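Step one of this worksheet: look at the structure below.
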Amino acid sequence: MTGREVVILRIGHRPERDQRVTTHVGLTARALGAQGMYLAAADKGVVESIADVASRWGGSFFCEDNVKWRSCIRDWKAHGGVVVHLTMYGLNLPDVIGDVRLHDKILVIVGAEKVPGDIYGLADYNVAVTGQPHSEISSLALFLDHLSNGTELNNKFPGAQIRIIPSKAGKQTEEL
């Protein structure tokens with residue numbers, strides 16, 4: 001996603017329940033071209049897990065926890081960014097992605113438990129990735145893929161200590 005800043009805001013995270021899913025939200029965001037993730041909860045375990053992956057697999061991806069979500073959204077907008085809330089109740093992704101692509105600074109809200117109703121009014125775009133219940137990880141992956149028209153699948157991650165060698169069968173990696 002060259003020239004575009006995309007950052008995730010993860011809200012509703014419950015440390016005792018959602019650590020694995022929230023870590024996967026961050027890893028998906030990183031792998032598919034986002035620059036970082038704000039976590040609206042205190043969870044150093046998630047931050048450390050994502051930092052560990054980024055240090056070994058390369059690229060620059062930040063994860064900051066204990067972020068106040070309202071302030072994060074206000075600050076993002078004050079600095080010229082738009083806010084996209086992924087929800088099953090929004091407008092259909094294919095119908096709005098062209099408009100979203102026009103922006104260079106995008107904050108993507110990914111909820112866990114029930115999202116506060118204020119989010120719907122604060123978001124510039126409430127985007128539905130299907131109108132059916134599904135995973136927030138799949139929503140984020142599909143949104144980021146549509147946003148970059150599939151180009152994120154060829155992203156390079158500078159500074160990697162390890163990389164996968166594509167192969168028809170088996171697992172092959174290379175230490176760099």
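Identifiers for the structure tokens are assigned positionally: chains receive A, B, ... in sequence, residues are indexed from 1 per chain, and ligands are indexed from 1 in the order shown.
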Q: Return as a ChimeraX atom specification the full set of residues in segment 2-170 of chain A whose backbone-based DSSP assignment is strand (DSSP E or B).
A: /A:5-11,36-39,62-64,82-92,105-111,125-128,162-164
Could the residues in this selection be written to a file with C-alpha atoms, as an mmCIF file, in the first residue's frame?
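The file below, result.cif, is the result:
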```
data_model
loop_
_atom_site.group_PDB
_atom_site.id
_atom_site.type_symbol
_atom_site.label_atom_id
_atom_site.label_comp_id
_atom_site.auth_asym_id
_atom_site.auth_seq_id
_atom_site.Cartn_x
_atom_site.Cartn_y
_atom_site.Cartn_z
ATOM 1 C CA GLU A 5 -1.077 4.996 5.780
ATOM 2 C CA VAL A 6 -3.367 2.351 7.220
ATOM 3 C CA VAL A 7 -3.578 1.734 10.953
ATOM 4 C CA ILE A 8 -5.937 -0.527 12.879
ATOM 5 C CA LEU A 9 -7.828 0.481 16.030
ATOM 6 C CA ARG A 10 -8.835 -2.655 17.936
ATOM 7 C CA ILE A 11 -11.656 -1.983 20.391
ATOM 8 C CA GLY A 36 0.398 -0.530 12.896
ATOM 9 C CA MET A 37 -2.320 -1.211 15.425
ATOM 10 C CA TYR A 38 -3.699 0.728 18.372
ATOM 11 C CA LEU A 39 -5.225 -1.474 21.051
ATOM 12 C CA PHE A 62 3.918 -0.870 15.580
ATOM 13 C CA CYS A 63 1.472 -2.029 18.216
ATOM 14 C CA GLU A 64 0.494 0.327 21.015
ATOM 15 C CA VAL A 82 -10.643 9.022 7.648
ATOM 16 C CA VAL A 83 -12.150 6.346 9.848
ATOM 17 C CA VAL A 84 -13.498 3.061 8.488
ATOM 18 C CA HIS A 85 -15.493 0.866 10.866
ATOM 19 C CA LEU A 86 -15.774 -2.774 9.790
ATOM 20 C CA THR A 87 -19.228 -4.043 10.733
ATOM 21 C CA MET A 88 -21.879 -6.324 9.291
ATOM 22 C CA TYR A 89 -24.354 -3.448 9.534
ATOM 23 C CA GLY A 90 -22.625 -0.995 7.193
ATOM 24 C CA LEU A 91 -22.599 -0.374 3.473
ATOM 25 C CA ASN A 92 -21.403 -3.254 1.317
ATOM 26 C CA LYS A 105 -4.672 8.085 5.795
ATOM 27 C CA ILE A 106 -7.110 5.402 6.969
ATOM 28 C CA LEU A 107 -7.886 4.233 10.495
ATOM 29 C CA VAL A 108 -9.702 0.892 10.418
ATOM 30 C CA ILE A 109 -11.781 0.062 13.482
ATOM 31 C CA VAL A 110 -12.019 -3.645 14.239
ATOM 32 C CA GLY A 111 -14.300 -4.540 17.138
ATOM 33 C CA TYR A 125 -17.493 4.790 6.609
ATOM 34 C CA ASN A 126 -19.339 1.882 8.231
ATOM 35 C CA VAL A 127 -18.352 -0.959 5.934
ATOM 36 C CA ALA A 128 -19.957 -4.397 5.786
ATOM 37 C CA ILE A 162 13.622 -15.410 8.161
ATOM 38 C CA ARG A 163 11.522 -15.862 5.051
ATOM 39 C CA ILE A 164 9.441 -18.568 3.460
#
```
Q: Return the single residue from A:Ala141, A:Leu93, A:Ala41, A:Ala31 that is closest to Ser60 of chain A, with distances computed using only C-alpha atoms.
A: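 Smallest distance to Ser60 of chain A is found for A:Ala31.
Atom CA of Leu153 of chain A is found 6.8 Å from atom CA of Leu32 of chain A.
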Q.
Which residue is closest to Arg70 of chain A? Choose from A:Pro133, A:Thr151, A:Leu122, A:Lys171 and count only C-alpha atoms.
A.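 Between A:Pro133, A:Thr151, A:Leu122, A:Lys171, the residue approaching Arg70 of chain A most closely is A:Leu122.
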